$ cat run-v9.txt   # compact mmCIF, C-alpha atoms
# COMPACT_ATOMS: atom_id res chain seq x y z
CA MET U 30 70.38 90.18 108.08
CA GLU U 31 69.78 92.13 104.89
CA LYS U 32 73.01 93.69 103.71
CA ILE U 33 73.33 97.24 102.41
CA LYS U 34 74.40 97.08 98.77
CA VAL U 35 77.01 99.59 97.63
CA ALA U 36 79.11 100.47 94.59
CA ILE U 37 82.70 101.66 94.25
CA PHE U 38 83.62 104.38 91.73
CA GLY U 39 87.35 104.10 91.06
CA THR U 40 89.75 101.20 90.60
CA GLY U 41 92.97 102.57 92.07
CA PHE U 42 94.57 102.27 95.49
CA MET U 43 91.67 103.90 97.32
CA GLY U 44 89.08 101.76 95.56
CA ARG U 45 90.82 98.68 96.85
CA VAL U 46 91.11 100.03 100.40
CA HIS U 47 87.42 100.93 100.49
CA THR U 48 86.36 97.54 99.14
CA GLU U 49 88.42 95.55 101.62
CA SER U 50 87.39 97.72 104.58
CA LEU U 51 83.69 97.52 103.75
CA ARG U 52 83.84 93.73 103.71
CA ARG U 53 85.12 93.74 107.27
CA LEU U 54 81.88 95.26 108.52
CA GLY U 55 79.65 92.28 107.79
CA ASN U 56 76.49 94.22 106.91
CA ILE U 57 77.75 95.69 103.62
CA GLU U 58 77.94 94.04 100.20
CA VAL U 59 79.93 95.61 97.35
CA ILE U 60 77.99 94.60 94.24
CA GLY U 61 79.42 96.90 91.55
CA VAL U 62 82.47 98.84 90.50
CA ALA U 63 82.93 101.58 87.90
CA GLY U 64 86.27 102.41 86.32
CA SER U 65 87.63 104.83 83.74
CA THR U 66 87.22 102.06 81.15
CA ALA U 67 85.24 98.84 81.05
CA GLU U 68 88.51 96.89 80.83
CA ARG U 69 89.98 98.46 83.98
CA ALA U 70 86.74 97.98 85.86
CA ARG U 71 86.53 94.31 84.87
CA ALA U 72 90.16 93.65 85.80
CA PHE U 73 89.62 95.23 89.22
CA ALA U 74 86.34 93.35 89.74
CA ASN U 75 87.97 90.02 88.88
CA GLU U 76 90.85 90.70 91.25
CA VAL U 77 88.74 91.62 94.29
CA GLY U 78 85.69 89.47 93.56
CA ILE U 79 82.97 91.94 92.56
CA GLU U 80 80.29 90.61 90.25
CA ARG U 81 79.37 93.73 88.26
CA SER U 82 81.67 96.18 86.53
CA THR U 83 81.29 99.02 84.08
CA GLY U 84 83.20 101.83 82.41
CA ASP U 85 80.24 104.17 82.96
CA TYR U 86 79.37 104.83 86.61
CA ARG U 87 75.93 106.14 85.59
CA GLU U 88 74.82 102.59 84.88
CA LEU U 89 75.19 101.71 88.56
CA LEU U 90 73.19 104.76 89.63
CA GLU U 91 70.16 103.35 87.82
CA ASP U 92 70.19 100.28 90.07
CA ASP U 93 67.71 100.79 92.92
CA GLU U 94 69.38 97.98 94.88
CA ILE U 95 72.48 100.13 95.35
CA LYS U 96 71.90 102.36 98.37
CA SER U 97 75.31 103.97 98.70
CA VAL U 98 78.35 104.82 96.56
CA HIS U 99 82.00 105.33 97.41
CA ILE U 100 83.70 107.87 95.17
CA CYS U 101 87.39 106.98 94.89
CA SER U 102 88.02 108.57 91.50
CA PRO U 103 90.44 111.40 90.60
CA ASN U 104 89.55 114.75 92.16
CA ALA U 105 88.15 116.34 89.01
CA LEU U 106 85.33 113.76 88.92
CA HIS U 107 84.15 114.13 92.53
CA TYR U 108 81.65 116.92 91.87
CA GLU U 109 79.88 115.31 88.92
CA MET U 110 79.78 111.85 90.47
CA THR U 111 78.54 113.13 93.83
CA MET U 112 75.83 115.37 92.40
CA ARG U 113 74.48 112.61 90.13
CA SER U 114 74.60 110.09 92.97
CA LEU U 115 72.65 112.32 95.35
CA GLU U 116 70.12 113.07 92.61
CA HIS U 117 69.60 109.32 92.26
CA GLY U 118 68.98 108.98 96.00
CA LYS U 119 72.32 107.38 96.90
CA HIS U 120 74.18 107.99 100.15
CA VAL U 121 77.71 109.15 99.34
CA ILE U 122 81.17 108.70 100.79
CA CYS U 123 83.64 110.83 98.81
CA GLU U 124 87.40 110.82 99.06
CA LYS U 125 89.05 114.14 99.76
CA PRO U 126 89.38 116.75 98.49
CA LEU U 127 85.59 116.89 98.22
CA ALA U 128 85.64 118.93 95.00
CA SER U 129 87.89 121.01 92.77
CA THR U 130 86.55 124.35 94.01
CA VAL U 131 84.77 125.85 97.00
CA ASP U 132 81.76 126.71 94.83
CA GLU U 133 81.40 123.08 93.75
CA ALA U 134 81.65 121.93 97.36
CA ARG U 135 78.96 124.38 98.42
CA GLU U 136 76.61 122.91 95.83
CA MET U 137 77.39 119.41 97.07
CA VAL U 138 76.71 120.40 100.68
CA ALA U 139 73.43 122.10 99.70
CA LEU U 140 72.17 119.12 97.69
CA ALA U 141 73.07 116.68 100.46
CA LYS U 142 71.05 118.80 102.89
CA ARG U 143 68.06 118.98 100.54
CA THR U 144 68.01 115.23 99.96
CA GLY U 145 68.66 114.32 103.60
CA LEU U 146 71.10 111.62 102.47
CA ALA U 147 74.09 110.55 104.54
CA ASN U 148 77.31 112.16 103.29
CA CYS U 149 80.96 111.83 104.26
CA THR U 150 84.24 113.39 103.17
CA LEU U 151 86.78 110.74 104.01
CA TYR U 152 89.22 112.24 106.49
CA ASN U 153 89.80 108.78 107.89
CA ILE U 154 92.80 109.63 110.07
CA ARG U 155 90.46 110.91 112.78
CA SER U 156 89.51 107.30 113.48
CA TYR U 157 92.85 106.08 114.85
CA PRO U 158 92.15 104.90 118.42
CA GLN U 159 94.96 106.93 119.96
CA LEU U 160 93.74 110.11 118.29
CA GLN U 161 90.28 109.60 119.72
CA ASN U 162 91.93 109.00 123.07
CA LEU U 163 93.88 112.26 122.66
CA ARG U 164 90.74 114.14 121.70
CA ARG U 165 89.04 113.05 124.93
CA MET U 166 92.11 114.00 126.94
CA VAL U 167 91.92 117.50 125.48
CA GLU U 168 88.18 117.68 126.15
CA ASN U 169 88.71 116.56 129.75
CA GLY U 170 91.33 119.24 130.34
CA GLU U 171 94.19 116.81 130.97
CA LEU U 172 96.61 118.99 128.99
CA GLY U 173 95.32 122.23 130.50
CA ASP U 174 94.61 125.15 128.17
CA ILE U 175 96.02 124.55 124.69
CA GLN U 176 98.65 127.09 123.67
CA ILE U 177 100.62 125.57 120.77
CA VAL U 178 99.72 123.16 117.95
CA GLN U 179 102.39 122.14 115.47
CA GLY U 180 103.54 119.30 113.25
CA ALA U 181 103.98 118.02 109.72
CA TYR U 182 102.71 115.61 107.09
CA SER U 183 105.62 114.27 105.05
CA GLN U 184 105.92 111.75 102.21
CA ASP U 185 108.62 110.93 99.65
CA TRP U 186 106.78 109.29 96.76
CA LEU U 187 107.25 112.29 94.40
CA LEU U 188 110.88 112.97 95.27
CA PHE U 189 112.32 112.34 91.77
CA ASP U 190 111.46 114.06 88.51
CA THR U 191 110.65 110.61 87.12
CA ASP U 192 107.91 110.11 89.70
CA TRP U 193 104.51 110.63 88.07
CA ASN U 194 100.90 110.41 89.19
CA TRP U 195 97.65 112.03 88.07
CA ARG U 196 97.70 114.14 91.25
CA VAL U 197 100.65 116.12 89.88
CA ASN U 198 98.29 118.01 87.55
CA SER U 199 95.08 117.70 89.57
CA GLY U 200 94.24 121.33 90.32
CA SER U 201 95.57 124.52 91.84
CA SER U 202 97.00 122.71 94.88
CA ARG U 203 98.50 119.25 95.19
CA THR U 204 100.47 118.59 98.37
CA PHE U 205 98.42 120.82 100.64
CA ALA U 206 95.08 119.72 99.20
CA ASP U 207 96.07 116.05 99.22
CA ILE U 208 97.72 115.63 102.62
CA GLY U 209 97.99 119.05 104.26
CA THR U 210 94.22 119.14 104.69
CA HIS U 211 94.41 115.81 106.52
CA TRP U 212 96.69 117.45 109.07
CA CYS U 213 94.50 120.54 109.39
CA ASP U 214 91.30 118.53 109.74
CA LEU U 215 92.94 116.42 112.42
CA ALA U 216 94.31 119.40 114.34
CA GLU U 217 90.89 121.04 114.39
CA HIS U 218 89.10 117.80 115.27
CA VAL U 219 91.40 116.88 118.16
CA THR U 220 91.66 120.35 119.71
CA GLY U 221 88.06 121.42 119.10
CA HIS U 222 89.34 124.77 117.78
CA ARG U 223 89.37 126.12 114.23
CA ILE U 224 92.18 127.83 112.37
CA THR U 225 91.09 131.47 112.16
CA SER U 226 93.98 133.03 110.24
CA LEU U 227 97.13 131.83 108.52
CA CYS U 228 100.26 132.79 106.64
CA ALA U 229 101.49 130.21 104.15
CA ASP U 230 104.29 129.59 101.67
CA LEU U 231 104.16 127.00 98.88
CA GLN U 232 107.10 125.76 96.80
CA THR U 233 107.47 123.68 93.65
CA PHE U 234 110.99 122.28 93.70
CA ILE U 235 110.60 120.01 90.67
CA LYS U 236 109.31 122.34 87.99
CA THR U 237 109.51 119.79 85.16
CA ARG U 238 108.57 116.12 85.46
CA LYS U 239 108.85 113.18 83.07
CA ARG U 240 105.40 111.87 82.23
CA PRO U 241 105.16 108.36 80.74
CA LYS U 242 103.52 108.26 77.34
CA GLN U 243 101.82 105.00 78.25
CA SER U 244 98.83 105.03 80.58
CA VAL U 245 100.14 103.97 83.98
CA ASP U 246 99.58 105.32 87.46
CA THR U 247 103.01 105.88 88.97
CA PHE U 248 106.61 105.63 87.77
CA LYS U 249 109.53 105.84 90.14
CA GLY U 250 113.26 106.17 89.88
CA LYS U 251 115.65 104.56 87.44
CA ASN U 252 113.18 102.88 85.09
CA LEU U 253 112.44 106.15 83.31
CA GLU U 254 115.71 108.03 83.68
CA ARG U 255 116.89 107.15 80.17
CA SER U 256 113.59 106.10 78.66
CA LYS U 257 112.37 107.62 75.40
CA ASP U 258 108.79 106.77 76.38
CA VAL U 259 108.39 109.96 78.42
CA GLU U 260 107.65 113.59 77.76
CA GLU U 261 108.67 116.54 79.90
CA VAL U 262 105.79 118.43 81.52
CA SER U 263 105.90 121.76 83.36
CA ILE U 264 104.56 121.51 86.92
CA ASP U 265 102.92 124.28 88.91
CA THR U 266 101.42 122.34 91.84
CA GLU U 267 103.47 122.50 95.03
CA ASP U 268 105.88 119.86 96.35
CA PHE U 269 106.05 121.53 99.75
CA GLY U 270 104.03 123.90 101.90
CA SER U 271 104.54 125.62 105.24
CA MET U 272 102.08 127.54 107.36
CA ILE U 273 101.91 129.46 110.60
CA PHE U 274 98.44 130.01 111.98
CA LYS U 275 96.19 131.18 114.79
CA MET U 276 93.46 129.10 116.41
CA GLY U 277 90.85 131.08 118.28
CA GLY U 278 92.17 133.93 120.40
CA VAL U 279 95.20 132.32 122.05
CA ILE U 280 96.47 129.19 120.28
CA ARG U 281 99.38 129.58 117.87
CA GLY U 282 100.72 126.94 115.53
CA SER U 283 102.87 125.90 112.60
CA MET U 284 103.01 123.00 110.18
CA THR U 285 104.73 121.77 107.02
CA THR U 286 103.57 119.37 104.36
CA SER U 287 105.75 117.68 101.76
CA GLN U 288 105.74 114.94 99.14
CA VAL U 289 109.51 115.14 98.54
CA SER U 290 110.93 114.22 101.97
CA ALA U 291 113.20 111.21 101.45
CA GLY U 292 112.46 108.31 103.77
CA ARG U 293 109.13 109.64 105.02
CA LYS U 294 106.56 107.27 103.60
CA ASN U 295 103.43 108.62 105.26
CA ARG U 296 104.29 110.53 108.41
CA LEU U 297 101.60 112.72 109.92
CA TYR U 298 103.08 114.26 113.06
CA LEU U 299 100.90 116.21 115.51
CA GLU U 300 102.11 118.01 118.65
CA ILE U 301 99.77 119.68 121.14
CA TYR U 302 101.18 121.75 124.01
CA GLY U 303 98.99 122.83 126.92
CA THR U 304 99.53 124.65 130.19
CA GLN U 305 99.65 121.38 132.16
CA ALA U 306 101.00 118.74 129.75
CA SER U 307 101.68 118.02 126.08
CA ALA U 308 100.93 115.19 123.67
CA VAL U 309 102.56 113.96 120.47
CA TRP U 310 101.21 111.46 117.91
CA ASP U 311 103.25 110.05 115.00
CA GLY U 312 101.28 108.45 112.16
CA GLU U 313 104.13 106.05 111.42
CA ARG U 314 103.84 104.79 115.03
CA PRO U 315 100.04 105.03 115.47
CA GLU U 316 99.79 102.75 118.49
CA GLU U 317 101.80 105.19 120.62
CA LEU U 318 100.95 108.50 122.27
CA TRP U 319 103.73 110.47 123.98
CA ILE U 320 102.63 112.55 126.96
CA GLY U 321 105.03 115.24 128.17
CA HIS U 322 105.24 116.57 131.75
CA ARG U 323 107.25 119.30 133.44
CA LYS U 324 107.62 117.99 137.03
CA ARG U 325 107.59 114.24 136.50
CA ALA U 326 108.72 111.72 133.93
CA SER U 327 107.07 111.87 130.56
CA GLU U 328 105.07 108.86 129.39
CA LEU U 329 104.69 106.68 126.31
CA LEU U 330 101.17 105.27 126.19
CA ILE U 331 100.56 102.16 124.10
CA LYS U 332 97.08 101.69 122.68
CA ASP U 333 94.87 99.77 125.08
CA SER U 334 91.13 100.34 124.78
CA MET U 335 90.60 98.98 128.31
CA ILE U 336 92.07 102.18 129.73
CA PHE U 337 90.62 104.59 127.15
CA PRO U 338 87.77 106.95 128.02
CA GLU U 339 84.42 105.44 127.06
CA ALA U 340 83.94 107.80 124.10
CA ALA U 341 87.22 106.60 122.55
CA ARG U 342 86.95 102.92 123.42
CA SER U 343 84.73 101.93 120.49
CA TYR U 344 87.38 103.00 117.96
CA SER U 345 89.47 99.98 118.90
CA ASP U 346 88.23 96.46 118.13
CA LEU U 347 91.31 94.60 119.33
CA PRO U 348 92.82 94.33 122.82
CA GLY U 349 96.07 96.02 123.79
CA GLY U 350 99.13 94.53 122.12
CA HIS U 351 97.21 93.80 118.90
CA SER U 352 97.97 96.57 116.44
CA GLU U 353 95.32 98.43 114.46
CA GLY U 354 96.55 100.54 111.59
CA TYR U 355 95.61 102.51 108.49
CA ASP U 356 93.00 100.12 107.09
CA ALA U 357 91.20 99.98 110.44
CA THR U 358 90.52 103.72 110.28
CA PHE U 359 88.41 103.16 107.17
CA LYS U 360 86.49 100.37 108.84
CA GLN U 361 85.74 102.56 111.88
CA THR U 362 84.64 105.50 109.71
CA PHE U 363 82.46 103.30 107.48
CA ARG U 364 80.87 101.61 110.50
CA ARG U 365 79.70 104.97 111.82
CA PHE U 366 78.56 106.16 108.41
CA TYR U 367 76.38 103.11 107.77
CA ARG U 368 74.92 103.41 111.23
CA THR U 369 73.34 106.67 110.06
CA VAL U 370 72.30 105.08 106.76
CA GLU U 371 70.32 102.50 108.74
CA ASP U 372 69.17 105.01 111.36
CA PRO U 373 69.04 108.67 110.23
CA GLY U 374 68.65 109.68 113.87
CA ALA U 375 71.99 108.16 114.91
CA PRO U 376 74.74 110.61 115.93
CA ILE U 377 77.05 111.73 113.10
CA GLU U 378 80.51 110.60 114.22
CA TYR U 379 82.39 111.05 110.95
CA PRO U 380 83.51 113.97 108.75
CA THR U 381 80.71 115.20 106.47
CA PHE U 382 80.61 117.26 103.28
CA GLU U 383 80.66 120.32 105.55
CA ASP U 384 84.11 119.26 106.71
CA GLY U 385 85.19 118.80 103.10
CA LEU U 386 83.99 122.31 102.29
CA ARG U 387 85.84 123.64 105.34
CA GLN U 388 89.15 122.22 104.14
CA LEU U 389 88.68 123.50 100.58
CA ALA U 390 88.14 126.99 101.99
CA LEU U 391 91.35 126.54 103.95
CA VAL U 392 93.21 125.48 100.77
CA ASP U 393 91.99 128.64 99.03
CA ALA U 394 93.28 130.71 101.95
CA VAL U 395 96.66 128.96 101.78
CA LEU U 396 96.93 129.60 98.03
CA GLU U 397 96.01 133.26 98.43
CA SER U 398 98.38 133.72 101.37
CA SER U 399 101.28 132.17 99.48
CA LYS U 400 100.55 134.33 96.46
CA GLN U 401 100.37 137.54 98.49
CA GLN U 402 102.97 136.47 101.07
CA SER U 403 100.67 137.77 103.79
CA TRP U 404 98.23 136.77 106.52
CA ILE U 405 94.72 135.66 105.48
CA THR U 406 91.69 135.56 107.77
CA LEU U 407 89.25 132.69 107.33
$ encode --input "run-v9.txt" --output "structure tokens"
Amino acid sequence: MEKIKVAIFGTGFMGRVHTESLRRLGNIEVIGVAGSTAERARAFANEVGIERSTGDYRELLEDDEIKSVHICSPNALHYEMTMRSLEHGKHVICEKPLASTVDEAREMVALAKRTGLANCTLYNIRSYPQLQNLRRMVENGELGDIQIVQGAYSQDWLLFDTDWNWRVNSGSSRTFADIGTHWCDLAEHVTGHRITSLCADLQTFIKTRKRPKQSVDTFKGKNLERSKDVEEVSIDTEDFGSMIFKMGGVIRGSMTTSQVSAGRKNRLYLEIYGTQASAVWDGERPEELWIGHRKRASELLIKDSMIFPEAARSYSDLPGGHSEGYDATFKQTFRRFYRTVEDPGAPIEYPTFEDGLRQLALVDAVLESSKQQSWITL
């Protein structure tokens, strides 16, 4: 079997996740990595076992062997890297947010259409087996007519003023663009309905953070509290966001998103309430799906692909009782993406650049709503 050769752009956490997940597929070979410097790229390549490395991603685009690239770089680089990659005939998987602005994203969508190349904005959370199971339950009418959608996406990794990461100064929105869009994409994907209008409020609790003078990714807690190797930086991206919204003509909803919620490491919480039953999924307990009833006992369903609807079954590779978590969602998304790389006629079962554009438009609406303190129609 001839393997599809790919390159990774970015040497951080996401670059590692992409590399490891791709290797689980069997038909993909990661042959190159590009980093912000040649030294960082080489260190990453040595650690994960990639032969080629470079501090200039454009070198890898000149290699005709490389058919696809994974863009795992900081947000500000997504547009340039994606446009150049498509122009060189490469299929592209880009981490979210797709771009820095809606206009950039529109250009990316248009170029992907013109080239006919496979494209994906990586909203990987869709690929949890229980969420695909829930999606089919909604489609089959098992919850009745959906009336309420609510939930939250909460983390704590930026709780202290000594916590620092490049995302803190990565654009007009941080928390909502980084994780709030994950929640919104998931809510729309599972219910099959789109958010049509919203009223949002954003808040920056930590208005000044301590940035390390040395080049490192993240600092936390006591190590920097008394350090002289920091400088104070004013922050205008949000720590927290809340939103009420309408979906279609009937559905109403609410959600919050936070990166300063102590103890919440990565909790995406989604509740769907219908006229016949309700369902709740907790990202920190992804194997479980709570089903609520009015006239009989509620249920806690544990992931078991043997009892899933056929359309959801393929998202689980392991039998019941064998957990599949965060990294498996990347594998499932990549598997479907490379199916279309090999066969352009295969169904598109992953989020595309269009979905990335959709969420950027939603971020703009959230920013405008918070600024005006009013409802915005999408």
$ closest_residue --input "run-v9.txt" --among "U:Pro315, U:Gly118, U:Gly180, U:Gly209" --to "Leu299 of chain U" --atoms "only C-alpha atoms"
U:Gly180
$ residues_around --input "run-v9.txt" --residues "Leu318 of chain U" --least-positions-apart "2" --cutoff "6 Å" --atoms "all atoms listed in the file" --output "number ranges by chain"
U: 309-310, 329-330
$ residues_around --input "run-v9.txt" --residues "segment 263-279 of chain U" --least-positions-apart "4" --cutoff "6 Å" --atoms "only C-alpha atoms" --output "PyMOL selection string"
chain U and resi 202-204+223-233+236-237+283-288
$ residues_around --input "run-v9.txt" --residues "segment 143-159 of chain U" --least-positions-apart "2" --cutoff "6 Å" --atoms "all atoms listed in the file" --output "list of chain:residue names"
U:His120, U:Val121, U:Ile122, U:Cys123, U:Glu124, U:Lys125, U:Leu140, U:Ala141, U:Gln161, U:Asn162, U:Tyr344, U:Ser345, U:Thr358, U:Phe359, U:Pro380, U:Thr381, U:Phe382, U:Gly385
$ closest_residue --input "run-v9.txt" --among "U:Glu76, U:Glu31, U:Glu260, U:Asp132" --to "Asp393 of chain U" --atoms "only C-alpha atoms"
U:Asp132
$ residues_near_point --input "run-v9.txt" --point "(92.9, 111.7, 124.1)" --cutoff "9 Å" --atoms "only C-alpha atoms" --output "PyMOL selection string"
chain U and resi 158-169+171+219+308+318+337-338+341
$ atom_distance --input "run-v9.txt" --atom1 "atom CA of Ser398 of chain U" --atom2 "atom CA of Gly282 of chain U"
15.9 Å
$ atom_distance --input "run-v9.txt" --atom1 "atom CA of Thr83 of chain U" --atom2 "atom CA of His107 of chain U"
17.5 Å
$ closest_residue --input "run-v9.txt" --among "U:Gly78, U:Gly39, U:Gly349, U:Pro373" --to "Glu58 of chain U" --atoms "all atoms listed in the file"
U:Gly78
$ closest_residue --input "run-v9.txt" --among "U:Arg314, U:Arg45, U:Lys32, U:Lys96" --to "Val77 of chain U" --atoms "all atoms listed in the file"
U:Arg45
$ atom_distance --input "run-v9.txt" --atom1 "atom CA of Ser290 of chain U" --atom2 "atom CA of Gln184 of chain U"
5.6 Å
$ closest_residue --input "run-v9.txt" --among "U:Ile405, U:Ile33, U:Ala128, U:Met112" --to "Leu54 of chain U" --atoms "all atoms listed in the file"
U:Ile33
$ residues_around --input "run-v9.txt" --residues "Leu90 of chain U" --least-positions-apart "3" --cutoff "9 Å" --atoms "all atoms listed in the file" --output "PyMOL selection string"
chain U and resi 36+86-87+93+95+98+113-114+117-119
$ closest_residue --input "run-v9.txt" --among "U:Phe73, U:Arg196, U:Tyr108, U:Asp258" --to "Val131 of chain U" --atoms "only C-alpha atoms"
U:Tyr108
$ axis_aligned_box --input "run-v9.txt" --around "segment 62-73 of chain U" --padding-each-side "5 Å" --output "JSON"
{"center_x": 86.3, "center_y": 99.2, "center_z": 85.7, "size_x": 17.7, "size_y": 21.2, "size_z": 19.7}
$ residues_around --input "run-v9.txt" --residues "Val62 of chain U" --least-positions-apart "2" --cutoff "12 Å" --atoms "only C-alpha atoms" --output "ChimeraX atom specification"
/U:34-41,44-45,47-48,58-60,64-90,95,98-102
